[in-house]
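Everything below concerns the one structure shown next.
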There are 8 protein chains.
Amino acid sequence: MNDRELRALLEEVKRGTLSPETAEARVLDYVREAPFEDLGFARVDHHRVVRQGFPEVIFGPGKTTEQVVTIAERIVAHGHSLLVTRTTEEVFEAIRARLPAAQFHCGARAVTLRQGDVRPGRGTVLVAAAGTSDLPVADEAAVTAEMMGNAVDRLYDVGVAGLHRLLAVRSELRQARVVIVVAGMDGALPSVVGGLVAAPVIAVPTSIGYGAHLGGLAPLLTMLNSCAPGVLVVNIDNGYGAAVAACRIVARSS
Amino acid sequence: MNDRELRALLEEVKRGTLSPETAEARVLDYVREAPFEDLGFARVDHHRVVRQGFPEVIFGPGKTTEQVVTIAERIVAHGHSLLVTRTTEEVFEAIRARLPAAQFHCGARAVTLRQGDVRPGRGTVLVAAAGTSDLPVADEAAVTAEMMGNAVDRLYDVGVAGLHRLLAVRSELRQARVVIVVAGMDGALPSVVGGLVAAPVIAVPTSIGYGAHLGGLAPLLTMLNSCAPGVLVVNIDNGYGAAVAACRIVARSS
Amino acid sequence: MNDRELRALLEEVKRGTLSPETAEARVLDYVREAPFEDLGFARVDHHRVVRQGFPEVIFGPGKTTEQVVTIAERIVAHGHSLLVTRTTEEVFEAIRARLPAAQFHCGARAVTLRQGDVRPGRGTVLVAAAGTSDLPVADEAAVTAEMMGNAVDRLYDVGVAGLHRLLAVRSELRQARVVIVVAGMDGALPSVVGGLVAAPVIAVPTSIGYGAHLGGLAPLLTMLNSCAPGVLVVNIDNGYGAAVAACRIVARSS
Amino acid sequence: MNDRELRALLEEVKRGTLSPETAEARVLDYVREAPFEDLGFARVDHHRVVRQGFPEVIFGPGKTTEQVVTIAERIVAHGHSLLVTRTTEEVFEAIRARLPAAQFHCGARAVTLRQGDVRPGRGTVLVAAAGTSDLPVADEAAVTAEMMGNAVDRLYDVGVAGLHRLLAVRSELRQARVVIVVAGMDGALPSVVGGLVAAPVIAVPTSIGYGAHLGGLAPLLTMLNSCAPGVLVVNIDNGYGAAVAACRIVARSS
Amino acid sequence: MNDRELRALLEEVKRGTLSPETAEARVLDYVREAPFEDLGFARVDHHRVVRQGFPEVIFGPGKTTEQVVTIAERIVAHGHSLLVTRTTEEVFEAIRARLPAAQFHCGARAVTLRQGDVRPGRGTVLVAAAGTSDLPVADEAAVTAEMMGNAVDRLYDVGVAGLHRLLAVRSELRQARVVIVVAGMDGALPSVVGGLVAAPVIAVPTSIGYGAHLGGLAPLLTMLNSCAPGVLVVNIDNGYGAAVAACRIVARSS
Amino acid sequence: MNDRELRALLEEVKRGTLSPETAEARVLDYVREAPFEDLGFARVDHHRVVRQGFPEVIFGPGKTTEQVVTIAERIVAHGHSLLVTRTTEEVFEAIRARLPAAQFHCGARAVTLRQGDVRPGRGTVLVAAAGTSDLPVADEAAVTAEMMGNAVDRLYDVGVAGLHRLLAVRSELRQARVVIVVAGMDGALPSVVGGLVAAPVIAVPTSIGYGAHLGGLAPLLTMLNSCAPGVLVVNIDNGYGAAVAACRIVARSS
Amino acid sequence: MNDRELRALLEEVKRGTLSPETAEARVLDYVREAPFEDLGFARVDHHRVVRQGFPEVIFGPGKTTEQVVTIAERIVAHGHSLLVTRTTEEVFEAIRARLPAAQFHCGARAVTLRQGDVRPGRGTVLVAAAGTSDLPVADEAAVTAEMMGNAVDRLYDVGVAGLHRLLAVRSELRQARVVIVVAGMDGALPSVVGGLVAAPVIAVPTSIGYGAHLGGLAPLLTMLNSCAPGVLVVNIDNGYGAAVAACRIVARSS
Amino acid sequence: MNDRELRALLEEVKRGTLSPETAEARVLDYVREAPFEDLGFARVDHHRVVRQGFPEVIFGPGKTTEQVVTIAERIVAHGHSLLVTRTTEEVFEAIRARLPAAQFHCGARAVTLRQGDVRPGRGTVLVAAAGTSDLPVADEAAVTAEMMGNAVDRLYDVGVAGLHRLLAVRSELRQARVVIVVAGMDGALPSVVGGLVAAPVIAVPTSIGYGAHLGGLAPLLTMLNSCAPGVLVVNIDNGYGAAVAACRIVARSS
């Protein structure tokens with residue numbers, strides 16, 4: 001209910017076409033009940049598609065299969081597209097039993113079901129990954145960005161230890177509207193990419209590594225300290241978050 | 001043995017109705033033996049119900065099933081209520097074999113057996129949880145508070161990323177005597193709740209998250225640094241501790 | 001503007017005694033402007049006294065002297081009591097130049113100016129400190145609790161290495177409505193106090209120590225892991241926060 | 001030297017209008033010398049304005065005054081705008097002695113000197129700060145974004161402990177092309193803002209806080225774990241980096 | 001080979017009763033070969049019993065069963081007592097197949113086989129444990145101290161949350177030559193014990209706990225910061241190391 | 001008041017030579033007042049000399065000069081020896097103004113004043129230091145051990161990078177009753193010493209180092225993980241605590 | 001394509017024996033395509049053997065068996081030697097099914113297949129290990145160094161707690177061209193070795209240990225803080241990296 | 001005293017040209033006294049030049065000026081070259097008062113005095129630094145390597161954010177025998193250099209940075225996790241250690 005709607009409602013009250021009791025109820029309703037659906041264990045945020053252009057996404061870990069399936073059904077029942085991240089083939093099977101159109105993305109560990117309500121972005125989202133081991137996270141980013149209506153390019157295994165591999169794709173890098181750079185180990189790739197391109201760079205550290213890698217804290221710190229100004233960082237392995245941010249950026253490019 | 005009892009005992013000695021030997025034994029007995037029962041591997045603190053209004057609670061991890069069952073039997077044999085936290089269905093079955101009245105709380109991973117000795121608190125304990133994944137910890141808090149004789153309300157999935165969900169339950173929040181706020185991820189919910197209510201707020205970080213979440217250290221730090229003054233914090237996933245503290249607060253509300 | 005006021009306003013619109021334009025402005029005004037005062041660099045929350053029983057408190061660090069003085073004047077001008085924490089004698093002098101009734105609390109490093117609007121709590125707040133070095137933090141807690149209208153008792157230097165010092169004050173401990181326990185070094189005191197009393201225990205770790213004390217993280221961790229159930233923790237050196245929480249608890253004891 | 005230029009050069013060699021020796025020198029020159037200027041202690045990257053739309057910026061710490069002044073002169077001599085971050089009034093005086101048009105921004109601790117070469121962005125950069133103590137970092141972001149040719153709005157002291165202050169500026173938040181959110185303490189503000197707006201959100205943790213704040217690591221972790229998807233994070237106190245990223249985003253909005 | 005033996009050898013060379021070649025060989029032999037036995041993957045330190053009163057002990061983790069069994073056989077073959085720590089019943093079975101006299105200590109996860117060469121200590125080693133969950137570590141300490149020839153007393157479940165349990169065993173504590181205090185959770189027990197007794201106190205943090213317990217780092221830090229002076233600390237769960245140190249202390253009590 | 005005294009008192013009550021009122025007062029007095037002296041900001045533990053053979057020691061940091069001097073006077077007035085650690089020449093001058101016999105130990109930053117009540121230990125305490133920079137901590141240990149009545153030997157600059165320096169003092173090492181090993185940098189010395197001697201080894205990490213030395217955490221971790229079994233560790237720079245522990249060990253060697 | 005080749009190419013263009021189009025293609029080809037092979041999920045760096053004397057090595061973790069096998073086949077197809085590290089017997093079987101000459105090194109968890117293109121180093125690489133548990137890492141280093149054409153000596157179980165074991169192999173240590181020292185626990189061995197030899201020392205911390213060992217961070221810190229100057233460090237358990245560095249050193253010894 | 005010398009001595013004893021007493025003294029002398037000089041607070045290791053080709057170097061921090069000067073005099077008096085690191089101009093003046101030939105290196109904060117005994121290395125040591133702020137550490141490395149007799153090249157401000165600056169010096173990089181790479185911020189430079197050259201690469205993280213830079217831990221972790229195999233790491237800011245290691249490598253290149 002925006003300012004205009006509030007005014008219209010009050011005009012109706014004045015004209016006598018709406019009783020104060022009904023008007024009150026409508027104002028309170030809007031604030032209290034409309035934008036989500038209370039399942040007891042979850043309040044599904046159906047309003048998010050209005051606020052942010054894409055419906056609520058289900059983060060898999062810590063939820064029972066039954067909980068995931070129930071929320072998924074409610075989202076689809078409202079006509080929204082479905083995206084479940086960090087899930088398993090097992091959960092996928094339970095979803096498919098009730099939503100046969102659902103698809104599983106093995107590398108990205110995601111379940112999707114597309115319905116007609118996505119606002120497409122403008123320009124390409126480029127997903128670059130430093131090593132083969134970073135692919136699951138890069139795939140999660142790519143699947144998410146595609147689900148949100150964007151064109152996605154992938155450049156994999158372009159880490160800085162073989163710089164010629166990266167230099168060879170310089171022009172692809174420079175044509176992207178936004179670049180998501182996924183890297184484990186030393187996390188050095190975003191600094192080099194950030195120096196090569198003028199587009200926004202979103203760095204995603206991965207938990208691939210060992211020893212003093214600290215489960216991804218090492219590349220996370222590298223990226224936060226990037227000597228290339230303007231590199232933006234998301235949480236370790238958070239390909240999903242990087243893609244959402246990329247979509248926010250591309251969506252605004254109108 | 002308080003000051004009054006000590007004086008009475010000494011008066012008896014003076015009157016000759018109590019021998020010094022007996023008096024000495026009573027004084028020493030009180031200090032040394034009465035308040036606990038030594039099982040070798042454990043000293044069950046039967047005195048706690050006197051000191052703190054609820055008997056000793058069994059923390060499950062690190063104890064063998066046999067140890068848990070033995071302590072449980074001793075507590076019940078003394079007429080106290082039983083609460084076992086962080087336990088498994090397996091241990092529950094072993095308890096039930098000897099204490100058929102025991103109940104298992106699946107979400108909270110707790111075993112309870114209520115007997116008649118709980119001092120009820122005054123006022124409602126409200127348990128709010130930011131996300132669906134925080135439910136096991138929230139349930140542990142709720143079950144514990146109920147076992148200790150309190151009325152409990154639950155508000156689940158009211159995290160700050162969809163603020164309208166929280167604003168919709170503002171009046172419930174404001175009516176509670178004490179609010180337990182359970183949150184993983186960024187742990188931001190207690191700061192917002194702490195600014196909305198005047199009641200004491202107990203924040204419980206959960207280990208739900210990934211990457212730089214550090215097993216719950218991230219929301220723990222958030223809560224310790226809350227910009228809402230007077231937010232109180234317990235250990236990660238410690239729903240039990242939060243409930244005990246809430247009961248101490250509510251019990252004092254007389 | 002509560003439900004009743006909203007209804008009255010709508011009735012007036014219906015009766016024609018209030019134009020929709022004016023009604024709209026009032027609804028929006030309430031939401032947007034009333035509860036704070038925008039100084040550009042700060043939005044003073046004059047509404048807090050209504051929500052939480054005590055006006056906004058000024059946290060000294062990171063503000064210029066001029067900023068502190070300006071906010072202080074605005075708070076006092078609204079008829080509220082003034083409390084500035086973690087400040088210096090220098091800032092105090094600047095405040096006193098404009099607010100001659102202000103007082104400086106040297107140990108607690110706080111400035112206060114009491115005006116008539118505090119709702120007194122019920123019952124005593126007890127502040128216990130483990131060592132002499134913990135006194136500044138304990139004093140900050142005591143001054144804050146007193147400013148908020150509570151009776152405060154102090155028990156200093158009762159650390160666990162000389163247990164007889166603590167056992168000697170057992171009855172004082174047991175008479176408090178809420179106990180604030182301030183401790184640096186090993187932070188063991190709250191565990192022992194938590195086992196002795198039934199009242200809520202708020203533990204405040206201090207930054208006093210050296211080496212692997214990590215600026216107070218060591219006693220903070222000790223307190224979060226307290227083997228006495230129901231110990232509540234605030235940030236390192238946060239005597240102010242402990243006192244606000246204590247006041248929330250005591251205020252509810254009606 | 002792009003593909004077209006390389007081809008042109010080779011054509012000239014073929015036509016005999018360019019000797020192979022000269023051609024070789026030009027190819028090598030391009031690669032080796034043109035894009036930067038070697039001062040011994042620094043290689044000033046004059047090429048950056050071509051690659052990224054703004055010349056090299058001088059990061060103050062760890063450089064002697066003489067080094068800062070020398071690099072500043074070289075940048076200005078090339079006709080570029082000057083920005084020195086994290087500097088002092090003392091260094092500013094040394095710069096002004098040689099570059100009288102330089103200006104000092106006291107809150108932001110920055111020196112600027114604008115010359116005519118900035119490509120303006122499209123749309124407003126909004127800088128929101130949680131508390132008064134976060135202003136220096138917010139100012140650094142604002143000054144940087146302005147130097148790079150953008151319109152900037154400021155919203156200060158809108159932290160989540162007094163949620164009404166934030167809700168009052170909801171429409172300003174929703175009109176921005178990109179929002180920079182600066183917050184110390186618990187760092188909870190970006191999560192709430194991220195849930196309210198659809199624009200990209202760049203979160204800047206500040207080192208304001210104490211105890212378990214860990215010099216800003218606490219709000220940094222909060223932001224990385226934001227429950228609002230798509231929140232992007234930069235290093236602690238890095239107002240400059242946030243602004244550069246915001247400019248990359250806005251610049252692409254054409 | 002001490003100074004006296006070296007002189008005697010040189011005298012023999014002078015007298016001609018020993019050739020220089022033989023003398024050289026003896027000197028080099030002593031340094032190079034005698035005190036250990038090279039198995040390729042291990043150099044068994046048979047000399048340790050001479051230097052430190054007990055033969056080399058086998059630390060189980062990271063060794064294959066075959067390696068453990070082979071080293072065990074070599075130790076027993078030299079007539080020394082055998083102690084294997086942190087091992088499993090599986091490894092024990094493999095050892096018993098070749099050394100039928102070996103025994104398994106289930107709680108302590110240790111294998112022992114006593115032979116006649118231990119120098120007994122003087123005075124009792126007291127092992128106190130805070131909670132039932134700390135028993136495996138306490139048992140490892142007790143078994144080790146017994147294997148090294150000492151009298152051992154055990155006091156289990158005497159944590160500080162029920163202080164009367166500890167005060168009841170004060171006289172036992174005061175009679176020990178050395179006290180090993182095992183505690184997880186908050187690790188507060190050694191501070192209290194250290195204040196009650198005059199004997200050396202060796203504190204052993206355990207990994208029992210959760211959340212901000214950090215695998216035992218929390219009680220480790222507590223113990224290192226003990227407000228009781230003179231508390232000595234060993235690594236987390238290192239019951240073995242505590243017992244070896246206790247034996248060094250008791251052995252010196254002659 | 002031990003068991004015997006309690007019985008005697010009760011016999012007196014029985015005989016009528018002691019009134020119950022007086023008896024009660026005596027019992028309570030003993031518990032409450034005798035063993036310490038309440039100065040308001042401190043409770044001086046005069047009882048410690050009885051419990052642990054040496055009076056309370058004043059830890060300098062965090063106390064005002066006036067507080068240190070007042071406590072010092074009370075300790076000396078009770079006829080005890082005085083030891084103030086981690087103090088400054090300035091505080092020393094203030095002490096000397098009231099206690100002219102006080103002495104300052106510049107290297108150890110300690111003030112001492114010996115009076116006649118120390119129980120001497122048996123056997124030598126050896127203090128070994130790895131480098132010249134570790135001397136202040138080593139000196140604190142040596143001064144403390146001497147104040148407590150022990151013979152002390154010093155071996156300085158015997159770090160493992162020049163192993164021949166350590167091997168040259170092997171016999172001195174082997175003759176000590178207890179060895180305190182002080183080391184910064186890598187903290188490797190205690191492992192080597194622990195392998196060479198049979199006596200108890202107390203390792204003291206120092207804060208000398210830089211970079212990944214983490215203020216002494218690096219050698220602290222080294223020592224806790226010593227491959228020589230039975231190495232005992234105290235807090236970083238805690239020469240005082242090491243000496244107290246050494247005295248507890250030596251005192252028990254009777 | 002070096003300077004000489006570029007000149008030759010340009011001369012050909014001048015002479016008309018090479019068209020500018022062809023010349024352009026060759027220049028671009030060199031930069032863009034030659035040195036690697038794009039498999040989609042990986043870009044195999046066949047150029048590395050030219051740049052660094054050994055082909056790309058496959059790091060096992062995070063790759064699917066199919067990915068490992070495919071990359072392995074491409075490397076072998078180019079005539080290079082194959083080395084797969086941190087792999088399993090299962091992956092080995094999959095490789096052997098397609099490359100029957102492949103061999104599995106059980107201790108080192110590595111797969112190798114030698115072909116004729118390795119440039120041998122000069123001088124011996126010595127691999128020393130502190131304990132039996134460090135063998136897998138030491139073996140990885142040894143296998144890698146051998147695959148790269150070097151002579152390798154092994155000295156295992158020479159930890160500093162039994163110093164005589166190390167002193168006995170002093171001459172072997174002194175004869176090596178480079179020494180790799182592998183150690184878990186306290187990580188003290190490289191400091192002692194670094195003081196004994198003049199050759200470069202490469203320290204490899206291992207994750208063997210427990211408690212405050214922090215998965216190898218403890219010995220890593222020890223080694224970084226080595227009091228023996230010139231000790232070089234690689235990541236925890238990184239036997240492979242240590243060997244590559246050793247080979248770089250030995251290869252340069254010509 | 002090597003094997004040959006020991007044999008010769010024993011032959012002399014046999015021939016009667018050397019008495020056993022004298023022989024014993026010589027053997028013991030060698031082990032105990034010759035290689036160092038005991039100043040009480042320091043044991044100067046004059047033997048190091050024999051073992052490792054360069055005399056003991058004085059690490060400045062934690063030593064008094066008098067201690068530094070005294071050790072410096074002893075080193076020079078033995079005819080060795082002098083190097084004092086991490087020192088100040090003040091200490092330099094005190095040294096020069098007694099050793100007029102001493103020189104101060106302002107950038108490197110080092111004092112040197114060269115005498116004739118350095119064994120020159122073979123090949124050039126290249127020192128590359130990522131940014132201007134890294135120069136003090138780079139200079140320390142360069143001065144140290146020069147003092148030890150090596151040719152040194154410097155390449156400063158070649159960080160990866162402006163990759164063309166680094167690519168321009170590729171041939172210089174490839175000609176070095178060993179490359180020391182100094183970098184703060186993200187520490188990404190060694191990974192890129194390690195991929196470009198075949199020589200050994202020694203990475204030195206610096207403490208230049210802020211926020212989540214953690215005093216240099218961020219680039220330290222980056223370097224330990226380098227995706228370029230064979231990168232070797234030293235402690236933060238340890239230019240000296242890197243140079244010593246480089247000299248060990250170059251010295252072996254004969």
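Labeling convention for the structure tokens: chains A, B, ... as they appear, residues from 1 per chain, ligands from 1 in order of appearance.
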Point to revise | Expected answer as a VMD selection string: chain D residues within 8 Å of chain A, only C-alpha atoms | key: chain D and resid 51 to 53 177 196 to 202 224 to 225 229 to 235 241 to 246 248 to 249 252 to 254
Please produce an output containing C-alpha atoms for each residue in the selection, written as a short mmCIF file (atom, residue, chain, number, x, y, z; two decimals), in the first residue's frame.
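And here's result23.cif as it stands now:
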data_model
loop_
_atom_site.label_atom_id
_atom_site.label_comp_id
_atom_site.auth_asym_id
_atom_site.auth_seq_id
_atom_site.Cartn_x
_atom_site.Cartn_y
_atom_site.Cartn_z
CA ARG D 51 41.18 1.05 -18.37
CA GLN D 52 38.89 2.05 -15.53
CA GLY D 53 37.67 5.61 -15.98
CA ARG D 177 20.85 3.31 -7.87
CA LEU D 196 14.09 -3.27 1.94
CA VAL D 197 15.63 -2.31 -1.42
CA ALA D 198 16.15 -3.94 -4.80
CA ALA D 199 19.31 -1.99 -5.65
CA PRO D 200 22.81 -3.37 -5.08
CA VAL D 201 23.91 -2.96 -1.44
CA ILE D 202 27.59 -2.50 -0.57
CA LEU D 224 29.36 -11.65 5.06
CA ASN D 225 26.65 -13.76 6.68
CA PRO D 229 20.79 -12.19 -0.26
CA GLY D 230 23.08 -10.18 -2.46
CA VAL D 231 24.77 -7.96 0.11
CA LEU D 232 28.32 -7.22 -1.07
CA VAL D 233 31.14 -6.53 1.36
CA VAL D 234 34.42 -4.59 1.34
CA ASN D 235 37.22 -4.45 3.88
CA GLY D 241 36.77 0.80 -2.05
CA ALA D 242 33.00 0.83 -1.56
CA ALA D 243 32.75 4.06 -3.53
CA VAL D 244 34.93 2.78 -6.39
CA ALA D 245 32.72 -0.31 -6.65
CA ALA D 246 29.59 1.85 -6.54
CA ARG D 248 31.76 0.81 -11.42
CA ILE D 249 28.11 -0.16 -10.96
CA ARG D 252 27.57 0.58 -16.23
CA SER D 253 24.01 1.79 -15.87
CA SER D 254 24.09 3.38 -19.32
#
Check your understanding: Among segment 27-166 of chain D, which residues carry a DSSP assignment of strand (DSSP E), reported as a ChimeraX atom specification?
Key -> /D:37-38,43-44,58-59,82-85,103-105,110-113,124-129,151-156
Exercise for review: Extract, using only C-alpha atoms, all DNA, RNA and protein residues at most 10 Å from Pro205 of chain D, discarding same-chain residues fewer than 6 positions from it, and format them as a list of chain:residue names.
Suggested key: D:Asp134, D:Val137, D:Val181, D:Val182, D:Ala183, D:Gly184, D:Met185, D:Asp186, D:Gly187, D:Ala188, D:Pro190, D:Gly215, D:Gly216, D:Leu217, D:Ala218, D:Pro219, D:Leu220, D:Leu221, D:Thr222, D:Met223, D:Val233, D:Val234, D:Asn235, D:Ile236, D:Asp237, D:Asn238, D:Gly239, H:Gly211
Exercise for review: Might you pull out every residue within 8 Å of segment 8-17 of chain D, with only C-alpha atoms counted and same-chain residues fewer than 5 positions away left off, and present them as number ranges by chain?
Suggested key: D: 23; G: 10, 13-16, 19-20, 23-24
Writing out the chosen residues with N, CA and C atoms as a tab-separated table (two decimals), in the first residue's frame:
chain	number	residue	atom	x	y	z
D	23	ALA	N	59.35	-0.98	-36.08
D	23	ALA	CA	58.12	-1.69	-35.71
D	23	ALA	C	58.34	-2.49	-34.43
G	10	LEU	N	59.16	-10.22	-38.27
G	10	LEU	CA	58.99	-8.91	-38.90
G	10	LEU	C	59.88	-8.78	-40.14
G	13	VAL	N	58.11	-10.39	-42.93
G	13	VAL	CA	57.05	-9.52	-43.44
G	13	VAL	C	57.65	-8.51	-44.39
G	14	LYS	N	58.77	-7.91	-43.96
G	14	LYS	CA	59.41	-6.91	-44.80
G	14	LYS	C	59.82	-7.50	-46.15
G	15	ARG	N	60.46	-8.68	-46.11
G	15	ARG	CA	60.92	-9.33	-47.35
G	15	ARG	C	59.75	-9.77	-48.20
G	16	GLY	N	58.55	-9.74	-47.67
G	16	GLY	CA	57.38	-10.18	-48.44
G	16	GLY	C	57.18	-11.68	-48.42
G	19	SER	N	52.88	-12.74	-45.22
G	19	SER	CA	51.87	-11.68	-45.33
G	19	SER	C	51.56	-11.11	-43.95
G	20	PRO	N	51.20	-9.84	-43.89
G	20	PRO	CA	50.84	-9.25	-42.59
G	20	PRO	C	49.72	-10.03	-41.90
G	23	ALA	N	51.26	-13.02	-40.31
G	23	ALA	CA	52.10	-12.58	-39.18
G	23	ALA	C	51.22	-12.23	-37.98
G	24	GLU	N	50.17	-11.49	-38.24
G	24	GLU	CA	49.27	-11.11	-37.16
G	24	GLU	C	48.71	-12.36	-36.46
Exercise for review: Using backbone DSSP assignments, extract all alpha helix (DSSP H) residues from segment 47-162 of chain G; output them as JSON, numbers by chain.
Suggested key: {"G": [48, 49, 50, 51, 52, 65, 66, 67, 68, 69, 70, 71, 72, 73, 74, 75, 76, 77, 89, 90, 91, 92, 93, 94, 95, 96, 97, 98, 135, 136, 137, 138, 139, 140, 141, 142, 143, 144, 145, 146, 147]}
Exercise for review: Identify, on the basis of only C-alpha atoms, every residue whose closest approach to segment 145-156 of chain C does not exceed 9 Å; exclude the query and any residue fewer than 5 positions from it along the same chain; express the result as a PyMOL selection string.
Suggested key: (chain C and resi 53-54+81-83+112-114+118-132+134-135+138-140+169+172-173+176+240+242-244+246-247+250) or (chain F and resi 40-43)
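Across the structure, atom CA of Gly60 of chain C and atom CA of Thr85 of chain C are spaced 5.7 Å apart.
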Review point. For the atom pair atom CA of Gln175 of chain F and atom CA of Val192 of chain F, what is the interatomic distance in Å to one decimal place?
Key: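 Distance reported for this atom pair: 16.1 Å.
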